[in-house]
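Shown here: query.pdb, PDB, C-alpha atoms and all ligand atoms.
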```pdb
MODEL        1
ATOM      1  CA  MET J   8      -4.163  12.960   6.491
ATOM      2  CA  SER J   9      -7.742  11.824   5.867
ATOM      3  CA  ASP J  10      -6.957  11.388   2.155
ATOM      4  CA  LEU J  11      -4.224   8.818   2.791
ATOM      5  CA  VAL J  12      -6.808   6.051   2.909
ATOM      6  CA  LEU J  13     -10.117   6.519   1.128
ATOM      7  CA  MET J  14     -13.250   4.827   2.413
ATOM      8  CA  GLU J  15     -16.374   4.109   0.387
ATOM      9  CA  VAL J  16     -19.329   2.059   1.513
ATOM     10  CA  HIS J  17     -21.106  -0.278  -0.898
ATOM     11  CA  ARG J  18     -24.090  -1.706   0.951
ATOM     12  CA  SER J  19     -22.505  -3.460   3.921
ATOM     13  CA  VAL J  20     -18.955  -3.560   2.529
ATOM     14  CA  ALA J  21     -16.364  -0.882   3.347
ATOM     15  CA  VAL J  22     -13.870  -0.399   0.530
ATOM     16  CA  LEU J  23     -10.588   1.047   1.780
ATOM     17  CA  THR J  24      -8.159   2.387  -0.835
ATOM     18  CA  LEU J  25      -4.536   3.110   0.057
ATOM     19  CA  ASN J  26      -4.087   6.494  -1.519
ATOM     20  CA  ARG J  27      -0.514   7.701  -1.992
ATOM     21  CA  PRO J  28      -0.269   6.670  -5.645
ATOM     22  CA  ASP J  29       2.716   8.953  -6.397
ATOM     23  CA  LYS J  30       4.656   7.042  -3.671
ATOM     24  CA  LEU J  31       3.264   3.660  -4.702
ATOM     25  CA  ASN J  32       1.111   3.717  -1.535
ATOM     26  CA  ALA J  33       4.176   3.450   0.705
ATOM     27  CA  LEU J  34       2.990   2.878   4.270
ATOM     28  CA  SER J  35       3.926   6.083   6.057
ATOM     29  CA  TYR J  36       3.285   6.267   9.798
ATOM     30  CA  ALA J  37       0.336   8.589   9.151
ATOM     31  CA  LEU J  38      -1.130   6.171   6.607
ATOM     32  CA  VAL J  39      -0.837   3.249   9.033
ATOM     33  CA  ASP J  40      -2.453   5.339  11.804
ATOM     34  CA  ARG J  41      -5.279   6.333   9.476
ATOM     35  CA  LEU J  42      -5.866   2.718   8.485
ATOM     36  CA  MET J  43      -6.010   1.717  12.169
ATOM     37  CA  HIS J  44      -8.503   4.501  12.853
ATOM     38  CA  LEU J  45     -10.737   3.403   9.973
ATOM     39  CA  LEU J  46     -10.625  -0.218  11.162
ATOM     40  CA  ASP J  47     -11.777   0.957  14.603
ATOM     41  CA  MET J  48     -14.675   2.822  12.997
ATOM     42  CA  ILE J  49     -15.613  -0.179  10.837
ATOM     43  CA  GLU J  50     -15.525  -2.530  13.812
ATOM     44  CA  ASP J  51     -17.900  -0.257  15.730
ATOM     45  CA  ASP J  52     -20.387   0.082  12.863
ATOM     46  CA  ALA J  53     -22.751  -2.913  12.869
ATOM     47  CA  ALA J  54     -23.978  -1.993   9.378
ATOM     48  CA  LEU J  55     -20.499  -2.700   7.946
ATOM     49  CA  ARG J  56     -19.850  -6.411   7.687
ATOM     50  CA  ALA J  57     -16.789  -6.850   5.466
ATOM     51  CA  VAL J  58     -13.797  -4.869   4.222
ATOM     52  CA  ILE J  59     -12.153  -4.799   0.811
ATOM     53  CA  LEU J  60      -8.674  -3.276   0.806
ATOM     54  CA  THR J  61      -7.027  -2.094  -2.406
ATOM     55  CA  GLY J  62      -4.567   0.508  -3.686
ATOM     56  CA  ALA J  63      -4.847   3.603  -5.884
ATOM     57  CA  GLY J  64      -2.730   3.723  -9.035
ATOM     58  CA  ARG J  65      -0.244   1.052 -10.122
ATOM     59  CA  ALA J  66       0.585  -0.273  -6.659
ATOM     60  CA  PHE J  67      -1.243  -2.064  -3.906
ATOM     61  CA  SER J  68       1.614  -0.929  -1.672
ATOM     62  CA  ALA J  69       5.396  -0.803  -2.114
ATOM     63  CA  GLY J  70       5.776  -1.364   1.635
ATOM     64  CA  ALA J  71       6.914   0.719   4.560
ATOM     65  CA  ASP J  72       7.957   4.284   3.788
ATOM     66  CA  ILE J  73      11.715   3.819   3.552
ATOM     67  CA  LYS J  74      12.617   7.505   3.798
ATOM     68  CA  GLU J  75      10.510   7.950   6.931
ATOM     69  CA  PHE J  76      11.540   4.817   8.803
ATOM     70  CA  SER J  77      15.219   5.302   7.966
ATOM     71  CA  GLU J  78      15.000   8.452  10.125
ATOM     72  CA  SER J  79      13.754   6.277  12.998
ATOM     73  CA  VAL J  80      16.551   3.767  12.353
ATOM     74  CA  ARG J  81      19.083   6.588  12.648
ATOM     75  CA  GLN J  82      17.730   7.302  16.149
ATOM     76  CA  GLY J  83      18.607   3.804  17.387
ATOM     77  CA  PRO J  84      16.835   0.550  18.225
ATOM     78  CA  ASP J  85      14.377   1.887  20.821
ATOM     79  CA  VAL J  86      12.904   4.541  18.561
ATOM     80  CA  ALA J  87      13.073   2.311  15.476
ATOM     81  CA  VAL J  88      11.223  -0.539  17.171
ATOM     82  CA  ARG J  89       8.630   1.731  18.782
ATOM     83  CA  ALA J  90       7.856   3.969  15.823
ATOM     84  CA  PHE J  91       8.293   1.515  12.963
ATOM     85  CA  VAL J  92       8.164  -2.142  13.962
ATOM     86  CA  ARG J  93       5.479  -1.968  16.649
ATOM     87  CA  ARG J  94       3.262   0.205  14.482
ATOM     88  CA  GLY J  95       3.522  -2.152  11.512
ATOM     89  CA  GLN J  96       3.086  -5.294  13.565
ATOM     90  CA  ALA J  97       0.067  -3.774  15.316
ATOM     91  CA  LEU J  98      -1.502  -3.090  11.916
ATOM     92  CA  THR J  99      -1.038  -6.592  10.513
ATOM     93  CA  ALA J 100      -2.059  -8.237  13.808
ATOM     94  CA  ARG J 101      -5.176  -6.051  13.918
ATOM     95  CA  MET J 102      -6.064  -7.082  10.368
ATOM     96  CA  GLU J 103      -5.390 -10.759  11.036
ATOM     97  CA  ALA J 104      -7.682 -10.802  14.085
ATOM     98  CA  PHE J 105     -10.251  -8.303  12.754
ATOM     99  CA  PRO J 106     -13.720  -9.686  13.558
ATOM    100  CA  LYS J 107     -15.129  -8.888  10.104
ATOM    101  CA  PRO J 108     -13.654 -10.483   6.982
ATOM    102  CA  ILE J 109     -10.974  -8.396   5.253
ATOM    103  CA  ILE J 110     -10.338  -9.162   1.582
ATOM    104  CA  ALA J 111      -7.275  -7.692  -0.122
ATOM    105  CA  ALA J 112      -7.802  -6.812  -3.778
ATOM    106  CA  VAL J 113      -4.149  -6.670  -4.855
ATOM    107  CA  ASN J 114      -4.132  -4.418  -7.877
ATOM    108  CA  GLY J 115      -0.392  -4.052  -8.534
ATOM    109  CA  ILE J 116       2.958  -3.844  -6.751
ATOM    110  CA  ALA J 117       2.777  -5.617  -3.358
ATOM    111  CA  PHE J 118       6.291  -5.363  -1.963
ATOM    112  CA  GLY J 119       7.401  -5.554   1.669
ATOM    113  CA  GLY J 120       4.569  -4.292   3.857
ATOM    114  CA  GLY J 121       2.169  -4.579   0.900
ATOM    115  CA  CYS J 122       2.925  -8.290   0.754
ATOM    116  CA  GLU J 123       2.763  -8.565   4.560
ATOM    117  CA  ILE J 124      -0.710  -6.997   4.635
ATOM    118  CA  THR J 125      -1.796  -9.510   1.993
ATOM    119  CA  GLU J 126      -0.396 -12.333   4.155
ATOM    120  CA  ALA J 127      -2.202 -11.041   7.250
ATOM    121  CA  VAL J 128      -5.717 -10.392   5.919
ATOM    122  CA  HIS J 129      -8.282 -13.193   5.767
ATOM    123  CA  LEU J 130      -8.663 -13.525   2.006
ATOM    124  CA  ALA J 131      -6.994 -12.044  -1.051
ATOM    125  CA  VAL J 132      -7.676 -11.729  -4.747
ATOM    126  CA  ALA J 133      -4.884 -10.541  -7.039
ATOM    127  CA  SER J 134      -4.838  -9.028 -10.489
ATOM    128  CA  GLU J 135      -2.812 -10.969 -13.067
ATOM    129  CA  THR J 136      -0.655  -7.839 -13.249
ATOM    130  CA  ALA J 137       0.168  -7.776  -9.528
ATOM    131  CA  VAL J 138       3.822  -8.300  -8.596
ATOM    132  CA  PHE J 139       4.971  -9.421  -5.185
ATOM    133  CA  ALA J 140       8.319  -9.297  -3.365
ATOM    134  CA  LYS J 141       9.909  -9.613   0.043
ATOM    135  CA  PRO J 142      12.645  -7.076  -0.799
ATOM    136  CA  GLU J 143      13.668  -6.038   2.731
ATOM    137  CA  ILE J 144      16.933  -7.987   2.520
ATOM    138  CA  ALA J 145      18.047  -5.577  -0.203
ATOM    139  CA  ILE J 146      17.797  -2.692   2.255
ATOM    140  CA  GLY J 147      19.542  -4.615   4.999
ATOM    141  CA  ILE J 148      16.638  -5.486   7.299
ATOM    142  CA  PRO J 149      14.503  -8.510   8.015
ATOM    143  CA  PRO J 150      10.807  -7.899   7.310
ATOM    144  CA  THR J 151       9.159  -6.201  10.270
ATOM    145  CA  PHE J 152       5.368  -6.271   9.787
ATOM    146  CA  GLY J 153       5.123 -10.023  10.488
ATOM    147  CA  GLY J 154       6.688 -11.025   7.186
ATOM    148  CA  THR J 155       9.174 -13.484   8.681
ATOM    149  CA  GLN J 156       6.369 -15.246  10.551
ATOM    150  CA  ARG J 157       3.237 -15.387   8.422
ATOM    151  CA  LEU J 158       4.731 -16.375   5.072
ATOM    152  CA  SER J 159       6.399 -19.463   6.538
ATOM    153  CA  ARG J 160       3.096 -20.424   8.184
ATOM    154  CA  LEU J 161       1.223 -19.938   4.901
ATOM    155  CA  ALA J 162       3.744 -21.382   2.477
ATOM    156  CA  GLY J 163       6.130 -23.572   4.484
ATOM    157  CA  ARG J 164       9.623 -22.770   5.709
ATOM    158  CA  LYS J 165      11.701 -23.420   2.613
ATOM    159  CA  ARG J 166       9.386 -21.695   0.158
ATOM    160  CA  ALA J 167       9.181 -18.690   2.487
ATOM    161  CA  LEU J 168      12.942 -18.579   2.964
ATOM    162  CA  GLU J 169      13.546 -18.593  -0.782
ATOM    163  CA  HIS J 170      11.526 -15.397  -1.159
ATOM    164  CA  LEU J 171      12.793 -13.833   2.069
ATOM    165  CA  LEU J 172      16.456 -14.499   1.271
ATOM    166  CA  THR J 173      16.491 -13.642  -2.442
ATOM    167  CA  GLY J 174      14.155 -10.649  -2.351
ATOM    168  CA  ASP J 175      13.230 -11.539  -5.948
ATOM    169  CA  THR J 176       9.896 -10.490  -7.364
ATOM    170  CA  PHE J 177       7.247 -13.137  -7.914
ATOM    171  CA  SER J 178       3.997 -13.292  -9.862
ATOM    172  CA  ALA J 179       0.411 -13.303  -8.684
ATOM    173  CA  GLN J 180       0.220 -16.918  -9.806
ATOM    174  CA  ARG J 181       3.183 -17.777  -7.553
ATOM    175  CA  ALA J 182       1.516 -15.872  -4.672
ATOM    176  CA  CYS J 183      -1.521 -18.080  -5.253
ATOM    177  CA  GLU J 184       0.615 -21.235  -5.154
ATOM    178  CA  LEU J 185       2.171 -20.006  -1.887
ATOM    179  CA  GLY J 186      -1.262 -19.522  -0.328
ATOM    180  CA  VAL J 187      -0.795 -15.752  -0.056
ATOM    181  CA  VAL J 188      -3.745 -15.068  -2.362
ATOM    182  CA  ASN J 189      -6.860 -17.131  -2.997
ATOM    183  CA  ARG J 190      -7.223 -16.451  -6.703
ATOM    184  CA  VAL J 191      -5.827 -14.513  -9.627
ATOM    185  CA  VAL J 192      -8.109 -12.656 -12.028
ATOM    186  CA  PRO J 193      -7.802 -10.242 -14.981
ATOM    187  CA  PRO J 194      -7.381  -6.622 -13.815
ATOM    188  CA  ASP J 195     -10.916  -5.547 -14.688
ATOM    189  CA  GLU J 196     -12.350  -8.453 -12.702
ATOM    190  CA  LEU J 197     -10.425  -7.662  -9.514
ATOM    191  CA  LEU J 198     -13.000  -5.660  -7.573
ATOM    192  CA  PRO J 199     -15.948  -7.732  -8.867
ATOM    193  CA  ALA J 200     -14.112 -10.871  -7.659
ATOM    194  CA  ALA J 201     -13.523  -9.301  -4.229
ATOM    195  CA  PHE J 202     -17.193  -8.251  -3.993
ATOM    196  CA  ASP J 203     -18.298 -11.711  -5.104
ATOM    197  CA  LEU J 204     -16.230 -13.276  -2.326
ATOM    198  CA  ALA J 205     -17.601 -10.785   0.215
ATOM    199  CA  GLY J 206     -21.164 -11.435  -0.959
ATOM    200  CA  ARG J 207     -20.802 -15.172  -0.511
ATOM    201  CA  ILE J 208     -19.685 -14.603   3.099
ATOM    202  CA  LEU J 209     -22.390 -12.030   3.817
ATOM    203  CA  ARG J 210     -25.135 -14.600   3.146
ATOM    204  CA  HIS J 211     -24.207 -16.040   6.533
ATOM    205  CA  SER J 212     -24.385 -14.763  10.094
ATOM    206  CA  PRO J 213     -21.769 -12.055  10.748
ATOM    207  CA  LEU J 214     -21.440 -13.406  14.271
ATOM    208  CA  THR J 215     -20.566 -16.896  13.045
ATOM    209  CA  ALA J 216     -18.058 -15.414  10.589
ATOM    210  CA  SER J 217     -16.333 -13.558  13.431
ATOM    211  CA  ARG J 218     -16.210 -16.743  15.561
ATOM    212  CA  ILE J 219     -14.634 -18.678  12.686
ATOM    213  CA  ILE J 220     -12.025 -15.961  12.150
ATOM    214  CA  ALA J 221     -11.212 -15.985  15.876
ATOM    215  CA  ALA J 222     -10.946 -19.789  16.011
ATOM    216  CA  VAL J 223      -8.686 -20.002  12.957
ATOM    217  CA  THR J 224      -6.496 -17.029  13.883
ATOM    218  CA  ARG J 225      -5.977 -18.001  17.492
ATOM    219  CA  GLY J 226      -5.780 -21.725  16.760
ATOM    220  CA  LEU J 227      -3.030 -21.347  14.161
ATOM    221  CA  ASN J 228      -0.621 -20.233  16.833
ATOM    222  CA  ALA J 229      -1.612 -22.868  19.365
ATOM    223  CA  SER J 230      -1.137 -26.587  19.780
ATOM    224  CA  ILE J 231      -3.895 -28.795  18.335
ATOM    225  CA  ALA J 232      -5.258 -29.397  21.847
ATOM    226  CA  GLU J 233      -5.396 -25.663  22.570
ATOM    227  CA  GLY J 234      -6.838 -25.057  19.116
ATOM    228  CA  LEU J 235      -9.639 -27.529  19.727
ATOM    229  CA  ALA J 236     -10.371 -25.824  23.052
ATOM    230  CA  ILE J 237     -10.576 -22.496  21.212
ATOM    231  CA  GLU J 238     -12.914 -24.048  18.633
ATOM    232  CA  SER J 239     -15.116 -25.397  21.392
ATOM    233  CA  GLU J 240     -15.180 -22.013  23.135
ATOM    234  CA  GLN J 241     -16.164 -20.203  19.906
ATOM    235  CA  PHE J 242     -18.954 -22.745  19.345
ATOM    236  CA  ALA J 243     -20.196 -22.381  22.936
ATOM    237  CA  ARG J 244     -20.322 -18.604  22.541
ATOM    238  CA  MET J 245     -22.611 -19.056  19.519
ATOM    239  CA  VAL J 246     -25.042 -21.439  21.245
ATOM    240  CA  PRO J 247     -27.140 -18.824  23.142
ATOM    241  CA  THR J 248     -27.422 -16.484  20.124
ATOM    242  CA  HIS J 249     -30.436 -15.715  17.967
ATOM    243  CA  ASP J 250     -28.383 -16.364  14.836
ATOM    244  CA  VAL J 251     -27.565 -19.977  15.613
ATOM    245  CA  ARG J 252     -31.177 -20.816  16.520
ATOM    246  CA  GLU J 253     -32.387 -19.001  13.422
ATOM    247  CA  ALA J 254     -29.911 -20.833  11.153
ATOM    248  CA  LEU J 255     -30.910 -24.227  12.553
ATOM    249  CA  ASP J 256     -34.660 -23.474  12.410
ATOM    250  CA  ALA J 257     -34.306 -22.154   8.866
ATOM    251  CA  TRP J 258     -32.453 -25.270   7.739
ATOM    252  CA  ILE J 259     -35.051 -27.555   9.317
ATOM    253  CA  GLY J 260     -37.936 -25.414   8.012
ATOM    254  CA  ARG J 261     -36.377 -25.206   4.526
ATOM    255  CA  ARG J 262     -36.444 -21.403   4.469
ATOM    256  CA  LYS J 263     -33.866 -18.606   4.236
ATOM    257  CA  PRO J 264     -32.470 -17.514   7.603
ATOM    258  CA  GLU J 265     -32.817 -13.948   8.803
ATOM    259  CA  TYR J 266     -29.797 -13.011  10.858
ATOM    260  CA  ARG J 267     -29.585 -10.254  13.452
ATOM    261  CA  GLY J 268     -25.896 -10.503  14.321
ATOM    262  CA  CYS J 269     -26.711 -11.296  17.925
TER     263      CYS J 269
HETATM  264  N1  LIG J 301       9.042   4.009   0.597
HETATM  265  C1  LIG J 301       9.076   5.301   0.244
HETATM  266  N2  LIG J 301       8.898   5.735  -1.031
HETATM  267  C2  LIG J 301       8.694   4.807  -1.977
HETATM  268  C3  LIG J 301       8.656   3.427  -1.661
HETATM  269  C4  LIG J 301       8.838   3.041  -0.315
HETATM  270  N3  LIG J 301       8.775   1.770   0.072
HETATM  271  N4  LIG J 301       8.473   2.738  -2.822
HETATM  272  C5  LIG J 301       8.369   3.658  -3.791
HETATM  273  N5  LIG J 301       8.510   4.896  -3.295
HETATM  274  C6  LIG J 301       8.450   6.176  -4.015
HETATM  275  C7  LIG J 301       9.746   6.440  -4.755
HETATM  276  O1  LIG J 301      10.697   7.064  -3.905
HETATM  277  C8  LIG J 301       9.248   7.361  -5.846
HETATM  278  O2  LIG J 301       9.059   8.643  -5.306
HETATM  279  P1  LIG J 301       9.678   9.946  -6.061
HETATM  280  O3  LIG J 301       8.966   9.956  -7.391
HETATM  281  O4  LIG J 301       9.320  11.085  -5.175
HETATM  282  O5  LIG J 301      11.136   9.673  -6.201
HETATM  283  C9  LIG J 301       7.859   6.804  -6.157
HETATM  284  O6  LIG J 301       7.458   6.078  -5.026
HETATM  285  C10 LIG J 301       7.830   5.889  -7.364
HETATM  286  O7  LIG J 301       8.757   4.840  -7.132
HETATM  287  P2  LIG J 301       9.904   4.432  -8.189
HETATM  288  O8  LIG J 301      10.977   3.737  -7.422
HETATM  289  O9  LIG J 301      10.307   5.618  -9.000
HETATM  290  O10 LIG J 301       9.099   3.422  -9.120
HETATM  291  P3  LIG J 301       9.721   2.216  -9.985
HETATM  292  O11 LIG J 301       8.600   1.705 -10.834
HETATM  293  O12 LIG J 301      10.981   2.628 -10.649
HETATM  294  O13 LIG J 301      10.110   1.096  -8.913
HETATM  295  C11 LIG J 301       9.764  -0.346  -7.031
HETATM  296  C12 LIG J 301       9.093   0.428  -8.191
HETATM  297  C13 LIG J 301       8.613  -0.936  -6.186
HETATM  298  C14 LIG J 301      10.637  -1.456  -7.606
HETATM  299  C15 LIG J 301      10.611   0.617  -6.173
HETATM  300  O14 LIG J 301       9.857   1.775  -5.895
HETATM  301  C16 LIG J 301      11.070   0.016  -4.877
HETATM  302  O15 LIG J 301      11.987  -0.770  -4.860
HETATM  303  N6  LIG J 301      10.441   0.425  -3.738
HETATM  304  C17 LIG J 301      10.833  -0.034  -2.437
HETATM  305  C18 LIG J 301      10.275  -1.424  -2.182
HETATM  306  C19 LIG J 301      10.747  -1.943  -0.821
HETATM  307  O16 LIG J 301      11.916  -2.194  -0.608
HETATM  308  N7  LIG J 301       9.786  -2.112   0.110
HETATM  309  C20 LIG J 301      10.050  -2.621   1.416
HETATM  310  C21 LIG J 301      10.284  -1.540   2.379
HETATM  311  S1  LIG J 301      10.621  -2.164   4.020
ENDMDL
END
```
If you convert what's in this file into structure tokens, what do you get?
Ligand code: COA
Amino acid sequence: MSDLVLMEVHRSVAVLTLNRPDKLNALSYALVDRLMHLLDMIEDDAALRAVILTGAGRAFSAGADIKEFSESVRQGPDVAVRAFVRRGQALTARMEAFPKPIIAAVNGIAFGGGCEITEAVHLAVASETAVFAKPEIAIGIPPTFGGTQRLSRLAGRKRALEHLLTGDTFSAQRACELGVVNRVVPPDELLPAAFDLAGRILRHSPLTASRIIAAVTRGLNASIAEGLAIESEQFARMVPTHDVREALDAWIGRRKPEYRGC
């Protein structure tokens, strides 16, 4: 079980690698549970400040494990929703609201749940060789890990519906145009590009980064008035911290800030 997701630490960045390459990193229940466990550990570890998520082999992830969840489907809606849908939605919601930046490094096939994870995380870099799809319609189900909700928010309703209703594959470049990934790079530049992005965030206060993630994530699903209230609340929570005073003093004193994350 512990091999299903590998974790390496490079300075303050945790690199998580989905590791079922012979099954194209299909998201079995055990793999999802392992990923959730590792996210809990990373959240608790103040020394870890960002996450890069990638896949072993030729896939990022080919989505939910069809053989496994079809067994749940056979047991009826209650079991199928509890075991499959809730688990997958909990994973993508956890990633979306995770207080430390998560960057997907999409190395290959990102179908179904693999695409939904990419939609949910904060930032994504894709290899030119990555291929995306929302193929659930071909197996008779709507997407279940948030894929009917986040793509339309990222890309707009009609562009999302085209991919959701055709199930056709699309390129990394198209994923970039849809706002699912931030940039597309040659395969050998994938991890360096993800680390570069992480490094440019890590120059700043981890506390401020977490407040920005919270404001954007919560605000997206609120009215503008509620969103502005959330923004104000996140700002107010920063005011008494060392990091905000340090950042302001450093700017005024023309020196580099030294953050404590408190
Ligand atoms: N769930 C379970 N197993 C999967 C899987 C998935 N989502 N995707 C791939 N696999 C397994 C295959 O069963 C195969 O295992 P096997 O060698 O034991 O038979 C292995 O991974 C390799 O996949 P294969 O289909 O042989 O590779 P391919 O290059 O011919 O095709 C895909 C790649 C991605 C087109 C194809 O695997 C596919 O359509 N996968 C399902 C994608 C999907 O519908 N995802 C959404 C699920 S909700």
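Minimum atom-to-atom distance to Ala221 of chain J, evaluated using all atoms listed in the file, belongs to J:Met102 out of J:Met102, J:Gly121, J:Leu55, J:Leu168.
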Residue neighbourhood Gly154 of chain J, 12 Å, all atoms listed in the file, exclusion window fewer than 6 positions, as a compact mmCIF listing (two decimals) with C-alpha atoms, in the coordinates of the input:
```txt
# COMPACT_ATOMS: atom_id res chain seq x y z
CA GLY J 70 5.78 -1.36 1.64
CA VAL J 92 8.16 -2.14 13.96
CA GLY J 95 3.52 -2.15 11.51
CA GLN J 96 3.09 -5.29 13.56
CA THR J 99 -1.04 -6.59 10.51
CA ALA J 100 -2.06 -8.24 13.81
CA PHE J 118 6.29 -5.36 -1.96
CA GLY J 119 7.40 -5.55 1.67
CA GLY J 120 4.57 -4.29 3.86
CA GLY J 121 2.17 -4.58 0.90
CA CYS J 122 2.92 -8.29 0.75
CA GLU J 123 2.76 -8.56 4.56
CA ILE J 124 -0.71 -7.00 4.64
CA THR J 125 -1.80 -9.51 1.99
CA GLU J 126 -0.40 -12.33 4.16
CA ALA J 127 -2.20 -11.04 7.25
CA ALA J 140 8.32 -9.30 -3.36
CA LYS J 141 9.91 -9.61 0.04
CA PRO J 142 12.64 -7.08 -0.80
CA GLU J 143 13.67 -6.04 2.73
CA ILE J 144 16.93 -7.99 2.52
CA ILE J 148 16.64 -5.49 7.30
CA ARG J 160 3.10 -20.42 8.18
CA LEU J 161 1.22 -19.94 4.90
CA ALA J 162 3.74 -21.38 2.48
CA ALA J 167 9.18 -18.69 2.49
CA LEU J 168 12.94 -18.58 2.96
CA HIS J 170 11.53 -15.40 -1.16
CA LEU J 171 12.79 -13.83 2.07
CA LEU J 172 16.46 -14.50 1.27
CA VAL J 187 -0.80 -15.75 -0.06
```
**Report entry** Explicit residue set for the PyMOL selection byres (((not hetatm)) within 9 of (chain J and resi 301)), as a ChimeraX atom specification
**Finding:** /J:27-35,65-66,68-76,116-121,140-146,148-152,174
Requested in this report: Write out as a list in words the residues lying within 8 Å of segment 210-216 of chain J, counting only C-alpha atoms and excluding same-chain residues fewer than 4 positions away.
Outcome: Arg56, Pro106, Lys107, Pro108, Gly206, Ile220, Met245, Asp250, Tyr266, Arg267, Gly268 and Cys269 of chain J
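The protein and nucleic acid residues lying at most 8 Å from segment 57-62 of chain J are J:Ser19, J:Val20, J:Ala21, J:Val22, J:Leu23, J:Thr24, J:Leu25, J:Asn26, J:Pro28, J:Asn32, J:Leu55, J:Gly64, J:Arg65, J:Ala66, J:Phe67, J:Ser68, J:Lys107, J:Pro108, J:Ile109, J:Ile110, J:Ala111, J:Ala112, J:Val113, J:Asn114, J:Gly115, J:Ala201, J:Phe202, J:Ala205, J:Leu209, with only C-alpha atoms considered and sequence neighbours fewer than 2 positions away removed.
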Keeping only C-alpha atoms, write the selected residues to a file as a compact mmCIF listing (two decimals), keeping the file's coordinate frame.
```txt
# COMPACT_ATOMS: atom_id res chain seq x y z
CA SER J 19 -22.50 -3.46 3.92
CA VAL J 20 -18.95 -3.56 2.53
CA ALA J 21 -16.36 -0.88 3.35
CA VAL J 22 -13.87 -0.40 0.53
CA LEU J 23 -10.59 1.05 1.78
CA THR J 24 -8.16 2.39 -0.84
CA LEU J 25 -4.54 3.11 0.06
CA ASN J 26 -4.09 6.49 -1.52
CA PRO J 28 -0.27 6.67 -5.64
CA ASN J 32 1.11 3.72 -1.54
CA LEU J 55 -20.50 -2.70 7.95
CA GLY J 64 -2.73 3.72 -9.04
CA ARG J 65 -0.24 1.05 -10.12
CA ALA J 66 0.58 -0.27 -6.66
CA PHE J 67 -1.24 -2.06 -3.91
CA SER J 68 1.61 -0.93 -1.67
CA LYS J 107 -15.13 -8.89 10.10
CA PRO J 108 -13.65 -10.48 6.98
CA ILE J 109 -10.97 -8.40 5.25
CA ILE J 110 -10.34 -9.16 1.58
CA ALA J 111 -7.28 -7.69 -0.12
CA ALA J 112 -7.80 -6.81 -3.78
CA VAL J 113 -4.15 -6.67 -4.86
CA ASN J 114 -4.13 -4.42 -7.88
CA GLY J 115 -0.39 -4.05 -8.53
CA ALA J 201 -13.52 -9.30 -4.23
CA PHE J 202 -17.19 -8.25 -3.99
CA ALA J 205 -17.60 -10.78 0.22
CA LEU J 209 -22.39 -12.03 3.82
```
Could you tell me, as a compact mmCIF listing (two decimals) with C-alpha atoms, in the coordinates of the input, exactly which residues end up selected when the PyMOL selection byres (((chain J and resi 193-196) around 7) and not hetatm) is applied to this structure?
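Saved to part.txt:
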```
# COMPACT_ATOMS: atom_id res chain seq x y z
CA SER J 134 -4.84 -9.03 -10.49
CA GLU J 135 -2.81 -10.97 -13.07
CA THR J 136 -0.66 -7.84 -13.25
CA VAL J 192 -8.11 -12.66 -12.03
CA LEU J 197 -10.42 -7.66 -9.51
CA LEU J 198 -13.00 -5.66 -7.57
CA PRO J 199 -15.95 -7.73 -8.87
CA ALA J 200 -14.11 -10.87 -7.66
```
**Report entry** Nearby residues, (-10.1, -16.9, 13.4) file frame, 9 Å, all atoms listed in the file, as a ChimeraX atom specification
**Finding:** /J:103-106,129,216-227
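Atom CA of Asn228 of chain J lies 19.3 Å from atom CA of Arg93 of chain J.
Distance check against Leu98 of chain J using all atoms listed in the file: of J:Ser79, J:Val86, J:Asp47, J:Ala53, the minimum falls on J:Asp47.
One finds atom CA of Leu158 of chain J at 12.1 Å from atom CA of Val128 of chain J.
Atom CA of Asp10 of chain J lies 12.3 Å from atom CA of Val39 of chain J.
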Requested in this report: Tell me which residues the PyMOL selection byres (((chain J and resi 181-185) around 9) and not hetatm) grabs here, as an NGL selection string.
Outcome: :J and (132-133 or 138-139 or 158 or 161-163 or 166-167 or 177-180 or 186-191)
